[in-house]
Amino acid sequence: MTDDSTITHEAFKQFERDKFSLVAQEYDRAIAVVTSQVDEAILDAVEAKCGIRLLDVACGTGWLSAAALKRQAIVTGLDFAEKMVDIARVRCPQGSFHHGDAENLTFKSGQFEAVVCNLGILHFPNPERALAESFRVLKPGGRYAFTCWTPPTCNPFMALILGSVQTYGSMDVNLPSGPPLFRFGDPTECEMVLSAQGLTQVSVAELPIKWTFSTPEDVMPKIVVSSARLGSMLAMQTDEQRRNIENAIIEGASKYATENGVEIPASVILAVAYKP
C-alpha cells in the first residue's frame with residue numbers, strides 16, 4: 001500500500017526530472033555557470049586530488065565533475081534528469097555519468113573516497129535517505145560535502161526574486177509539494193542531520209556567489225527559462241502578477257548595476273563531514 005508521502009515524493013521527483021531535462025541547456029548557460037563559483041571550495045573540502053575516487057551526486061551538467069577531473073580525480077557523476085547527464089557526458093568525456101536517484105544509489109558500499117553534492121540536497125524529497133546512501137557508498141575515512149542556498153534574510157538574490165513574488169504575486173501555485181528550499185541554509189540543521197547519519201568532524205561555512213546579468217531586464221526571463229521550480233512558479237502567475245513581479249525585479253536588480261552589468265550577491269552554505 002502506498003502512503004500519501006510516497007505519492008507526494010514521487011510527484012515531486014517526476015516534476016524535477018521532467019522540468020530539469022526540459023531546461024537543461026538554459027540551466028547550463030545561466031545557472032550552472034553561477035553555481036560553479038564554489039566548485040573549488042567544495043573540492044578543497046573533500047581533498048580532491050589525483051587518483052581519488054569521487055562521486056558527484058546531482059551532478060547536473062557536469063561543472064563540478066569537470067573541476068574534479070582537472071585535479072585528475074577519478075570521477076563518477078549521477079543525476080535524475082537525463083538531459084543533464086547528456087550534457088555532463090559531453091563536457092567530461094573522461095568521467096563516468098549515470099542517470100539515477102540520489103536516494104537509491106546503485107554503487108557498491110565503500111566505493112568512493114569523496115562524495116560531493118553542489119546545490120542538490122534541496123531537490124531531494126527525502127534528504128536523510130540521500131545522505132544515508134552517500135554515507136553508504138563512502139569509504140571509511142572518506143569525506144562528504146554539500147552546498148545549499150542561504151535563506152533570503154542573508155541572500156540578496158533570493159530576497160529579490162522571492163520577495164517580489166510574495167509582494168506582487170502568489171507563492172501558492174499548482175506545483176507538486178517539495179522539501180523546504182532553505183532547510184539546509186541553517187548551519188545548525190546541517191550539523192544535526194549530518195551527525196545523525198554517522199558523519200563526524202562536521203564543519204559549516206558560508207561562501208559568496210555572484211549572479212551576473214547583462215541588464216536588469218534580463219533577470220526574470222533568464223530565471224524562467226533556466227530553472228525548474230522557481231521558473232515554473234514565475235511562469236504560473238497571472239499576466240498582471242507577472243508584469244508587477246518583473247517590474248519589481250527590474251527595479252531591485254537596477255540597484256546592483258555595475259560597469260560590467262548587473263551583479264547580485266548571494267551565498268551558499270558549505271557543509272563538510274568525515275566518515276569514521
# chains A, B, ... in the order shown; residues from 1 in each chain; ligands from 1
>>> select_by_dssp(residues="stretch 50-88 of chain A", states="alpha helix (DSSP H)", output="list of chain:residue names")
A:Trp63, A:Leu64, A:Ser65, A:Ala66, A:Ala67, A:Ala68, A:Leu69, A:Lys70, A:Glu82, A:Lys83, A:Met84, A:Val85, A:Asp86, A:Ile87, A:Ala88
>>> closest_atom_pairs(of="stretch 104-192 of chain A", to="stretch 246-251 of chain A", cutoff="12 Å", atoms="only C-alpha atoms", output="CSV")
residue,atom,partner,partner_atom,distance
A:Pro156,CA,A:Ile249,CA,11.6
A:Phe157,CA,A:Ile249,CA,9.9
A:Met158,CA,A:Ile249,CA,10.9
A:Ala159,CA,A:Ile249,CA,10.2
A:Leu160,CA,A:Ile249,CA,6.4
A:Ile161,CA,A:Ile249,CA,6.6
A:Leu162,CA,A:Ile249,CA,9.6
A:Gly163,CA,A:Ile249,CA,9.0
A:Ser164,CA,A:Ala248,CA,5.9
A:Val165,CA,A:Ala248,CA,8.9
A:Gln166,CA,A:Ala248,CA,11.0
A:Thr167,CA,A:Ala248,CA,9.1
A:Tyr168,CA,A:Ala248,CA,8.2
A:Gly169,CA,A:Glu246,CA,10.3
>>> write_last_selection(atoms="all heavy atoms", output="JSON list (two decimals), in the first residue's frame")
[["chain", "number", "residue", "atom", "x", "y", "z"],
["A", 156, "PRO", "N", 20.74, 38.25, -0.89],
["A", 156, "PRO", "CA", 20.03, 39.31, -1.63],
["A", 156, "PRO", "C", 19.36, 38.83, -2.92],
["A", 156, "PRO", "O", 18.28, 39.31, -3.27],
["A", 156, "PRO", "CB", 21.14, 40.32, -1.93],
["A", 156, "PRO", "CG", 22.11, 40.14, -0.82],
["A", 156, "PRO", "CD", 22.11, 38.67, -0.52],
["A", 157, "PHE", "N", 19.96, 37.88, -3.62],
["A", 157, "PHE", "CA", 19.33, 37.40, -4.86],
["A", 157, "PHE", "C", 18.01, 36.70, -4.57],
["A", 157, "PHE", "O", 16.99, 36.99, -5.20],
["A", 157, "PHE", "CB", 20.27, 36.45, -5.60],
["A", 157, "PHE", "CG", 19.66, 35.91, -6.87],
["A", 157, "PHE", "CD1", 19.61, 36.70, -8.02],
["A", 157, "PHE", "CD2", 19.11, 34.65, -6.91],
["A", 157, "PHE", "CE1", 19.03, 36.21, -9.18],
["A", 157, "PHE", "CE2", 18.54, 34.15, -8.07],
["A", 157, "PHE", "CZ", 18.49, 34.93, -9.21],
["A", 158, "MET", "N", 18.01, 35.79, -3.60],
["A", 158, "MET", "CA", 16.78, 35.09, -3.26],
["A", 158, "MET", "C", 15.75, 36.05, -2.66],
["A", 158, "MET", "O", 14.55, 35.93, -2.89],
["A", 158, "MET", "CB", 17.08, 33.95, -2.26],
["A", 158, "MET", "CG", 17.81, 32.80, -2.88],
["A", 158, "MET", "SD", 16.85, 31.97, -4.19],
["A", 158, "MET", "CE", 18.03, 30.75, -4.75],
["A", 159, "ALA", "N", 16.23, 37.02, -1.89],
["A", 159, "ALA", "CA", 15.32, 38.02, -1.32],
["A", 159, "ALA", "C", 14.63, 38.81, -2.43],
["A", 159, "ALA", "O", 13.43, 39.09, -2.35],
["A", 159, "ALA", "CB", 16.09, 38.96, -0.40],
["A", 160, "LEU", "N", 15.38, 39.14, -3.48],
["A", 160, "LEU", "CA", 14.80, 39.91, -4.58],
["A", 160, "LEU", "C", 13.75, 39.10, -5.33],
["A", 160, "LEU", "O", 12.63, 39.57, -5.56],
["A", 160, "LEU", "CB", 15.91, 40.34, -5.55],
["A", 160, "LEU", "CG", 15.46, 41.02, -6.84],
["A", 160, "LEU", "CD1", 14.66, 42.29, -6.55],
["A", 160, "LEU", "CD2", 16.66, 41.32, -7.74],
["A", 161, "ILE", "N", 14.09, 37.87, -5.72],
["A", 161, "ILE", "CA", 13.16, 37.06, -6.51],
["A", 161, "ILE", "C", 11.93, 36.67, -5.70],
["A", 161, "ILE", "O", 10.79, 36.93, -6.10],
["A", 161, "ILE", "CB", 13.87, 35.80, -7.06],
["A", 161, "ILE", "CG1", 15.11, 36.17, -7.88],
["A", 161, "ILE", "CG2", 12.89, 34.96, -7.88],
["A", 161, "ILE", "CD1", 14.84, 36.99, -9.10],
["A", 162, "LEU", "N", 12.16, 36.04, -4.55],
["A", 162, "LEU", "CA", 11.03, 35.55, -3.76],
["A", 162, "LEU", "C", 10.24, 36.69, -3.12],
["A", 162, "LEU", "O", 9.01, 36.63, -3.02],
["A", 162, "LEU", "CB", 11.53, 34.58, -2.69],
["A", 162, "LEU", "CG", 12.15, 33.29, -3.23],
["A", 162, "LEU", "CD1", 12.65, 32.42, -2.09],
["A", 162, "LEU", "CD2", 11.17, 32.51, -4.09],
["A", 163, "GLY", "N", 10.94, 37.76, -2.73],
["A", 163, "GLY", "CA", 10.24, 38.91, -2.17],
["A", 163, "GLY", "C", 9.31, 39.57, -3.18],
["A", 163, "GLY", "O", 8.20, 39.99, -2.85],
["A", 164, "SER", "N", 9.75, 39.62, -4.44],
["A", 164, "SER", "CA", 8.91, 40.20, -5.50],
["A", 164, "SER", "C", 7.67, 39.34, -5.73],
["A", 164, "SER", "O", 6.56, 39.86, -5.94],
["A", 164, "SER", "CB", 9.71, 40.34, -6.79],
["A", 164, "SER", "OG", 10.79, 41.22, -6.62],
["A", 165, "VAL", "N", 7.83, 38.03, -5.69],
["A", 165, "VAL", "CA", 6.68, 37.12, -5.87],
["A", 165, "VAL", "C", 5.73, 37.25, -4.69],
["A", 165, "VAL", "O", 4.50, 37.34, -4.87],
["A", 165, "VAL", "CB", 7.14, 35.66, -6.02],
["A", 165, "VAL", "CG1", 5.94, 34.72, -6.10],
["A", 165, "VAL", "CG2", 8.00, 35.49, -7.27],
["A", 166, "GLN", "N", 6.27, 37.26, -3.48],
["A", 166, "GLN", "CA", 5.42, 37.36, -2.29],
["A", 166, "GLN", "C", 4.63, 38.66, -2.27],
["A", 166, "GLN", "O", 3.47, 38.70, -1.85],
["A", 166, "GLN", "CB", 6.27, 37.24, -1.03],
["A", 166, "GLN", "CG", 6.79, 35.83, -0.78],
["A", 166, "GLN", "CD", 7.81, 35.76, 0.34],
["A", 166, "GLN", "OE1", 8.50, 36.75, 0.63],
["A", 166, "GLN", "NE2", 7.94, 34.61, 0.96],
["A", 167, "THR", "N", 5.24, 39.75, -2.72],
["A", 167, "THR", "CA", 4.59, 41.06, -2.68],
["A", 167, "THR", "C", 3.58, 41.25, -3.80],
["A", 167, "THR", "O", 2.48, 41.79, -3.58],
["A", 167, "THR", "CB", 5.65, 42.18, -2.76],
["A", 167, "THR", "OG1", 6.59, 42.01, -1.69],
["A", 167, "THR", "CG2", 5.00, 43.55, -2.63],
["A", 168, "TYR", "N", 3.91, 40.80, -5.00],
["A", 168, "TYR", "CA", 3.09, 41.12, -6.17],
["A", 168, "TYR", "C", 2.42, 39.92, -6.83],
["A", 168, "TYR", "O", 1.68, 40.08, -7.80],
["A", 168, "TYR", "CB", 3.94, 41.84, -7.22],
["A", 168, "TYR", "CG", 4.48, 43.15, -6.71],
["A", 168, "TYR", "CD1", 5.81, 43.27, -6.31],
["A", 168, "TYR", "CD2", 3.66, 44.28, -6.61],
["A", 168, "TYR", "CE1", 6.31, 44.48, -5.84],
["A", 168, "TYR", "CE2", 4.15, 45.48, -6.12],
["A", 168, "TYR", "CZ", 5.48, 45.57, -5.74],
["A", 168, "TYR", "OH", 5.97, 46.76, -5.26],
["A", 169, "GLY", "N", 2.69, 38.73, -6.32],
["A", 169, "GLY", "CA", 2.11, 37.54, -6.93],
["A", 169, "GLY", "C", 1.66, 36.54, -5.89],
["A", 169, "GLY", "O", 1.23, 36.93, -4.80]]
>>> closest_atom_pairs(of="stretch 95-172 of chain A", to="stretch 30-45 of chain A", cutoff="9 Å", atoms="only C-alpha atoms", output="Markdown table")
| residue | atom | partner | partner_atom | distance |
| --- | --- | --- | --- | --- |
| A:Val116 | CA | A:Ile42 | CA | 7.3 |
| A:Cys117 | CA | A:Ile42 | CA | 8.7 |
| A:Asn118 | CA | A:Thr35 | CA | 7.8 |
| A:Leu119 | CA | A:Thr35 | CA | 7.9 |
| A:Arg143 | CA | A:Ala45 | CA | 8.0 |
| A:Tyr144 | CA | A:Ala45 | CA | 8.3 |
| A:Ala145 | CA | A:Ile42 | CA | 6.6 |
| A:Phe146 | CA | A:Ile42 | CA | 7.6 |
| A:Thr147 | CA | A:Ile42 | CA | 8.1 |
>>> closest_residue(among="A:Ala81, A:Cys59, A:Ala73, A:Val268", to="A:Lys210", atoms="only C-alpha atoms")
A:Val268
>>> closest_residue(among="A:Glu259, A:Glu26, A:Cys92, A:Phe97", to="A:Pro221", atoms="only C-alpha atoms")
A:Glu26
>>> residues_around(residues="A:Ile223", least_positions_apart="2", cutoff="10 Å", atoms="only C-alpha atoms", output="list in words")
Glu26, Tyr27, Ala30, Ile31, Ile161, Asp218, Val219, Met220, Pro221, Val225, Ser226, Ser227, Ala228, Arg229, Leu230, Gly231, Ser232, Leu234 and Ala235 of chain A
>>> write_last_selection(atoms="N, CA, C and O atoms", output="PDB file, in the first residue's frame")
ATOM      1  N   GLU A  26      19.509  25.709 -21.079  1.00  0.00           N
ATOM      2  CA  GLU A  26      19.476  27.056 -20.495  1.00  0.00           C
ATOM      3  C   GLU A  26      20.023  27.058 -19.073  1.00  0.00           C
ATOM      4  O   GLU A  26      20.695  28.001 -18.650  1.00  0.00           O
ATOM      5  N   TYR A  27      19.740  25.995 -18.322  1.00  0.00           N
ATOM      6  CA  TYR A  27      20.299  25.857 -16.977  1.00  0.00           C
ATOM      7  C   TYR A  27      21.821  25.879 -17.028  1.00  0.00           C
ATOM      8  O   TYR A  27      22.481  26.547 -16.231  1.00  0.00           O
ATOM      9  N   ALA A  30      22.912  29.549 -17.767  1.00  0.00           N
ATOM     10  CA  ALA A  30      22.517  30.649 -16.875  1.00  0.00           C
ATOM     11  C   ALA A  30      22.735  30.368 -15.394  1.00  0.00           C
ATOM     12  O   ALA A  30      23.003  31.287 -14.620  1.00  0.00           O
ATOM     13  N   ILE A  31      22.608  29.113 -14.966  1.00  0.00           N
ATOM     14  CA  ILE A  31      22.676  28.801 -13.538  1.00  0.00           C
ATOM     15  C   ILE A  31      23.936  28.030 -13.173  1.00  0.00           C
ATOM     16  O   ILE A  31      24.633  28.376 -12.218  1.00  0.00           O
ATOM     17  N   ILE A 161      14.086  37.873  -5.720  1.00  0.00           N
ATOM     18  CA  ILE A 161      13.161  37.063  -6.513  1.00  0.00           C
ATOM     19  C   ILE A 161      11.934  36.668  -5.697  1.00  0.00           C
ATOM     20  O   ILE A 161      10.789  36.927  -6.099  1.00  0.00           O
ATOM     21  N   ASP A 218      17.089  41.416 -17.921  1.00  0.00           N
ATOM     22  CA  ASP A 218      17.416  40.020 -18.246  1.00  0.00           C
ATOM     23  C   ASP A 218      17.136  39.054 -17.103  1.00  0.00           C
ATOM     24  O   ASP A 218      17.074  37.837 -17.319  1.00  0.00           O
ATOM     25  N   VAL A 219      16.984  39.569 -15.887  1.00  0.00           N
ATOM     26  CA  VAL A 219      16.952  38.692 -14.719  1.00  0.00           C
ATOM     27  C   VAL A 219      15.781  37.715 -14.767  1.00  0.00           C
ATOM     28  O   VAL A 219      15.968  36.485 -14.769  1.00  0.00           O
ATOM     29  N   MET A 220      14.552  38.228 -14.815  1.00  0.00           N
ATOM     30  CA  MET A 220      13.402  37.328 -14.733  1.00  0.00           C
ATOM     31  C   MET A 220      13.297  36.385 -15.924  1.00  0.00           C
ATOM     32  O   MET A 220      13.081  35.185 -15.733  1.00  0.00           O
ATOM     33  N   PRO A 221      13.456  36.853 -17.170  1.00  0.00           N
ATOM     34  CA  PRO A 221      13.385  35.902 -18.290  1.00  0.00           C
ATOM     35  C   PRO A 221      14.398  34.768 -18.186  1.00  0.00           C
ATOM     36  O   PRO A 221      14.085  33.616 -18.494  1.00  0.00           O
ATOM     37  N   VAL A 225      13.376  30.565 -17.834  1.00  0.00           N
ATOM     38  CA  VAL A 225      13.725  29.533 -18.824  1.00  0.00           C
ATOM     39  C   VAL A 225      14.830  28.587 -18.359  1.00  0.00           C
ATOM     40  O   VAL A 225      15.079  27.571 -19.011  1.00  0.00           O
ATOM     41  N   SER A 226      15.473  28.868 -17.218  1.00  0.00           N
ATOM     42  CA  SER A 226      16.637  28.058 -16.837  1.00  0.00           C
ATOM     43  C   SER A 226      16.480  27.311 -15.524  1.00  0.00           C
ATOM     44  O   SER A 226      17.351  26.521 -15.163  1.00  0.00           O
ATOM     45  N   SER A 227      15.408  27.537 -14.799  1.00  0.00           N
ATOM     46  CA  SER A 227      15.222  26.854 -13.519  1.00  0.00           C
ATOM     47  C   SER A 227      13.944  26.024 -13.542  1.00  0.00           C
ATOM     48  O   SER A 227      13.071  26.226 -14.395  1.00  0.00           O
ATOM     49  N   ALA A 228      13.835  25.104 -12.608  1.00  0.00           N
ATOM     50  CA  ALA A 228      12.683  24.206 -12.588  1.00  0.00           C
ATOM     51  C   ALA A 228      11.555  24.793 -11.743  1.00  0.00           C
ATOM     52  O   ALA A 228      10.574  25.313 -12.274  1.00  0.00           O
ATOM     53  N   ARG A 229      11.716  24.747 -10.441  1.00  0.00           N
ATOM     54  CA  ARG A 229      10.624  25.162  -9.555  1.00  0.00           C
ATOM     55  C   ARG A 229      10.426  26.679  -9.562  1.00  0.00           C
ATOM     56  O   ARG A 229       9.298  27.170  -9.680  1.00  0.00           O
ATOM     57  N   LEU A 230      11.515  27.434  -9.441  1.00  0.00           N
ATOM     58  CA  LEU A 230      11.409  28.889  -9.397  1.00  0.00           C
ATOM     59  C   LEU A 230      10.870  29.438 -10.714  1.00  0.00           C
ATOM     60  O   LEU A 230       9.992  30.300 -10.733  1.00  0.00           O
ATOM     61  N   GLY A 231      11.381  28.921 -11.819  1.00  0.00           N
ATOM     62  CA  GLY A 231      10.913  29.362 -13.125  1.00  0.00           C
ATOM     63  C   GLY A 231       9.455  29.036 -13.346  1.00  0.00           C
ATOM     64  O   GLY A 231       8.682  29.851 -13.875  1.00  0.00           O
ATOM     65  N   SER A 232       9.037  27.839 -12.921  1.00  0.00           N
ATOM     66  CA  SER A 232       7.636  27.441 -13.073  1.00  0.00           C
ATOM     67  C   SER A 232       6.728  28.320 -12.218  1.00  0.00           C
ATOM     68  O   SER A 232       5.641  28.709 -12.649  1.00  0.00           O
ATOM     69  N   LEU A 234       7.232  31.422 -11.357  1.00  0.00           N
ATOM     70  CA  LEU A 234       7.120  32.724 -12.019  1.00  0.00           C
ATOM     71  C   LEU A 234       6.218  32.631 -13.245  1.00  0.00           C
ATOM     72  O   LEU A 234       5.389  33.507 -13.505  1.00  0.00           O
ATOM     73  N   ALA A 235       6.354  31.549 -13.994  1.00  0.00           N
ATOM     74  CA  ALA A 235       5.574  31.391 -15.222  1.00  0.00           C
ATOM     75  C   ALA A 235       4.095  31.179 -14.947  1.00  0.00           C
ATOM     76  O   ALA A 235       3.255  31.484 -15.805  1.00  0.00           O
TER      77      ALA A 235
END
>>> atom_distance(atom1="atom CA of A:Thr8", atom2="atom CA of A:Pro180")
13.7 Å
>>> select_by_dssp(residues="stretch 69-223 of chain A", states="strand (DSSP E or B)", output="MDAnalysis selection string")
chainID A and resid 74:79 96:99 112:118 138:149 200:213
>>> write_last_selection(atoms="N, CA and C atoms", output="CSV table (one decimal), in the first residue's frame")
chain,number,residue,atom,x,y,z
A,74,ILE,N,39.3,10.5,-10.2
A,74,ILE,CA,38.5,9.5,-10.9
A,74,ILE,C,37.0,9.8,-10.6
A,75,VAL,N,36.3,10.4,-11.6
A,75,VAL,CA,35.0,11.0,-11.3
A,75,VAL,C,33.9,10.1,-11.9
A,76,THR,N,32.9,9.9,-11.0
A,76,THR,CA,31.6,9.4,-11.4
A,76,THR,C,30.5,10.4,-11.0
A,77,GLY,N,29.6,10.6,-12.0
A,77,GLY,CA,28.5,11.6,-11.7
A,77,GLY,C,27.2,10.9,-11.9
A,78,LEU,N,26.2,11.5,-11.2
A,78,LEU,CA,24.8,10.9,-11.2
A,78,LEU,C,23.8,12.0,-11.1
A,79,ASP,N,22.8,12.0,-12.0
A,79,ASP,CA,21.7,12.9,-11.9
A,79,ASP,C,20.4,12.3,-12.4
A,96,SER,N,32.6,9.2,-15.7
A,96,SER,CA,31.5,8.1,-15.9
A,96,SER,C,30.2,8.7,-15.4
A,97,PHE,N,29.2,8.9,-16.2
A,97,PHE,CA,28.0,9.5,-15.8
A,97,PHE,C,26.8,8.6,-15.9
A,98,HIS,N,25.9,8.7,-14.9
A,98,HIS,CA,24.8,7.8,-14.9
A,98,HIS,C,23.5,8.6,-14.6
A,99,HIS,N,22.4,8.1,-15.2
A,99,HIS,CA,21.1,8.6,-14.8
A,99,HIS,C,20.6,7.8,-13.6
A,112,PHE,N,33.8,5.0,-2.8
A,112,PHE,CA,34.3,6.3,-3.1
A,112,PHE,C,35.1,6.9,-1.9
A,113,GLU,N,36.2,7.6,-2.2
A,113,GLU,CA,36.9,8.3,-1.2
A,113,GLU,C,36.3,9.7,-0.9
A,114,ALA,N,35.5,10.2,-1.8
A,114,ALA,CA,34.8,11.5,-1.6
A,114,ALA,C,33.5,11.5,-2.3
A,115,VAL,N,32.5,12.1,-1.7
A,115,VAL,CA,31.2,12.3,-2.3
A,115,VAL,C,30.8,13.8,-2.1
A,116,VAL,N,30.4,14.4,-3.2
A,116,VAL,CA,30.1,15.8,-3.2
A,116,VAL,C,28.7,16.1,-3.8
A,117,CYS,N,28.0,17.2,-3.4
A,117,CYS,CA,26.7,17.5,-3.9
A,117,CYS,C,26.5,19.0,-3.9
A,118,ASN,N,26.6,19.6,-5.1
A,118,ASN,CA,26.5,21.1,-5.1
A,118,ASN,C,25.1,21.5,-5.4
A,138,LEU,N,30.4,5.8,0.6
A,138,LEU,CA,31.7,6.5,1.0
A,138,LEU,C,32.5,5.5,1.8
A,139,LYS,N,33.8,5.5,1.4
A,139,LYS,CA,34.8,4.6,2.1
A,139,LYS,C,35.1,5.2,3.5
A,140,PRO,N,35.2,4.3,4.5
A,140,PRO,CA,35.7,4.8,5.8
A,140,PRO,C,36.9,5.7,5.7
A,141,GLY,N,36.9,6.8,6.3
A,141,GLY,CA,38.0,7.8,6.2
A,141,GLY,C,37.7,8.8,5.0
A,142,GLY,N,36.6,8.6,4.3
A,142,GLY,CA,36.3,9.5,3.2
A,142,GLY,C,35.6,10.7,3.7
A,143,ARG,N,35.5,11.7,2.8
A,143,ARG,CA,34.9,13.0,3.1
A,143,ARG,C,33.7,13.2,2.2
A,144,TYR,N,32.7,13.9,2.8
A,144,TYR,CA,31.4,14.3,2.2
A,144,TYR,C,31.2,15.8,2.3
A,145,ALA,N,30.7,16.4,1.2
A,145,ALA,CA,30.4,17.8,1.2
A,145,ALA,C,29.2,18.1,0.4
A,146,PHE,N,28.3,19.0,0.9
A,146,PHE,CA,27.2,19.5,0.1
A,146,PHE,C,27.1,21.0,0.3
A,147,THR,N,26.4,21.7,-0.6
A,147,THR,CA,26.1,23.1,-0.5
A,147,THR,C,24.6,23.3,-0.6
A,148,CYS,N,24.1,24.3,-0.1
A,148,CYS,CA,22.7,24.7,-0.2
A,148,CYS,C,22.6,26.2,-0.1
A,149,TRP,N,21.5,26.8,-0.7
A,149,TRP,CA,21.3,28.2,-0.7
A,149,TRP,C,21.1,28.7,0.8
A,200,THR,N,31.2,12.5,11.1
A,200,THR,CA,31.8,13.2,12.2
A,200,THR,C,32.6,14.4,11.6
A,201,GLN,N,33.2,15.2,12.6
A,201,GLN,CA,34.1,16.3,12.2
A,201,GLN,C,33.3,17.3,11.3
A,202,VAL,N,32.0,17.5,11.6
A,202,VAL,CA,31.2,18.4,10.7
A,202,VAL,C,31.6,19.8,10.9
A,203,SER,N,31.8,20.5,9.7
A,203,SER,CA,32.1,21.9,9.7
A,203,SER,C,31.2,22.6,8.7
A,204,VAL,N,30.8,23.8,9.0
A,204,VAL,CA,29.9,24.6,8.1
A,204,VAL,C,30.5,26.0,7.9
A,205,ALA,N,30.5,26.4,6.6
A,205,ALA,CA,30.9,27.7,6.3
A,205,ALA,C,30.0,28.3,5.3
A,206,GLU,N,30.0,29.7,5.2
A,206,GLU,CA,29.2,30.4,4.2
A,206,GLU,C,30.1,30.9,3.1
A,207,LEU,N,29.7,30.6,1.8
A,207,LEU,CA,30.5,31.0,0.7
A,207,LEU,C,29.7,32.0,-0.2
A,208,PRO,N,30.4,33.1,-0.7
A,208,PRO,CA,29.7,34.1,-1.5
A,208,PRO,C,29.6,33.5,-3.0
A,209,ILE,N,28.5,33.9,-3.6
A,209,ILE,CA,28.3,33.7,-5.0
A,209,ILE,C,27.7,35.0,-5.6
A,210,LYS,N,28.0,35.2,-6.9
A,210,LYS,CA,27.5,36.4,-7.5
A,210,LYS,C,26.7,36.0,-8.8
A,211,TRP,N,25.5,36.5,-8.8
A,211,TRP,CA,24.7,36.3,-10.1
A,211,TRP,C,24.9,37.5,-11.0
A,212,THR,N,25.3,37.2,-12.2
A,212,THR,CA,25.5,38.3,-13.2
A,212,THR,C,24.6,38.3,-14.3
A,213,PHE,N,24.1,39.4,-14.7
A,213,PHE,CA,23.2,39.6,-15.9
A,213,PHE,C,23.7,40.8,-16.7
>>> atom_distance(atom1="atom CA of A:Cys50", atom2="atom CA of A:Phe135")
21.9 Å
>>> residues_around(residues="A:Arg91", least_positions_apart="5", cutoff="12 Å", atoms="only C-alpha atoms", output="PyMOL selection string")
chain A and resi 28+59-67+69+77+84-86+96-97
>>> residues_around(residues="A:Gln197", least_positions_apart="6", cutoff="9 Å", atoms="only C-alpha atoms", output="number ranges by chain")
A: 128, 131-132, 135
>>> write_last_selection(atoms="all heavy atoms", output="mmCIF file, in the first residue's frame")
data_model
loop_
_atom_site.group_PDB
_atom_site.id
_atom_site.type_symbol
_atom_site.label_atom_id
_atom_site.label_comp_id
_atom_site.auth_asym_id
_atom_site.auth_seq_id
_atom_site.Cartn_x
_atom_site.Cartn_y
_atom_site.Cartn_z
ATOM 1 N N GLU A 128 17.392 12.872 4.089
ATOM 2 C CA GLU A 128 18.041 11.938 5.003
ATOM 3 C C GLU A 128 18.361 10.615 4.293
ATOM 4 O O GLU A 128 19.414 10.017 4.517
ATOM 5 C CB GLU A 128 17.156 11.669 6.235
ATOM 6 C CG GLU A 128 17.174 12.778 7.264
ATOM 7 C CD GLU A 128 16.190 13.896 6.982
ATOM 8 O OE1 GLU A 128 15.536 13.863 5.917
ATOM 9 O OE2 GLU A 128 16.076 14.811 7.810
ATOM 10 N N LEU A 131 21.354 11.246 2.079
ATOM 11 C CA LEU A 131 22.575 11.321 2.882
ATOM 12 C C LEU A 131 23.013 9.933 3.350
ATOM 13 O O LEU A 131 24.210 9.613 3.357
ATOM 14 C CB LEU A 131 22.353 12.235 4.088
ATOM 15 C CG LEU A 131 22.292 13.736 3.793
ATOM 16 C CD1 LEU A 131 21.806 14.506 5.010
ATOM 17 C CD2 LEU A 131 23.652 14.260 3.357
ATOM 18 N N ALA A 132 22.041 9.109 3.719
ATOM 19 C CA ALA A 132 22.369 7.744 4.146
ATOM 20 C C ALA A 132 23.006 6.954 3.004
ATOM 21 O O ALA A 132 23.950 6.179 3.213
ATOM 22 C CB ALA A 132 21.112 7.032 4.648
ATOM 23 N N PHE A 135 26.522 8.208 2.519
ATOM 24 C CA PHE A 135 27.333 7.649 3.608
ATOM 25 C C PHE A 135 27.704 6.198 3.294
ATOM 26 O O PHE A 135 28.848 5.770 3.470
ATOM 27 C CB PHE A 135 26.557 7.724 4.925
ATOM 28 C CG PHE A 135 27.308 7.233 6.120
ATOM 29 C CD1 PHE A 135 28.097 8.087 6.869
ATOM 30 C CD2 PHE A 135 27.224 5.896 6.517
ATOM 31 C CE1 PHE A 135 28.794 7.636 7.979
ATOM 32 C CE2 PHE A 135 27.920 5.431 7.624
ATOM 33 C CZ PHE A 135 28.706 6.307 8.362
#
>>> atom_distance(atom1="atom CA of A:Ser134", atom2="atom CA of A:Ala102")
7.9 Å
>>> closest_residue(among="A:Leu105, A:Ile121, A:Leu55, A:Leu175", to="A:Leu270", atoms="only C-alpha atoms")
A:Ile121
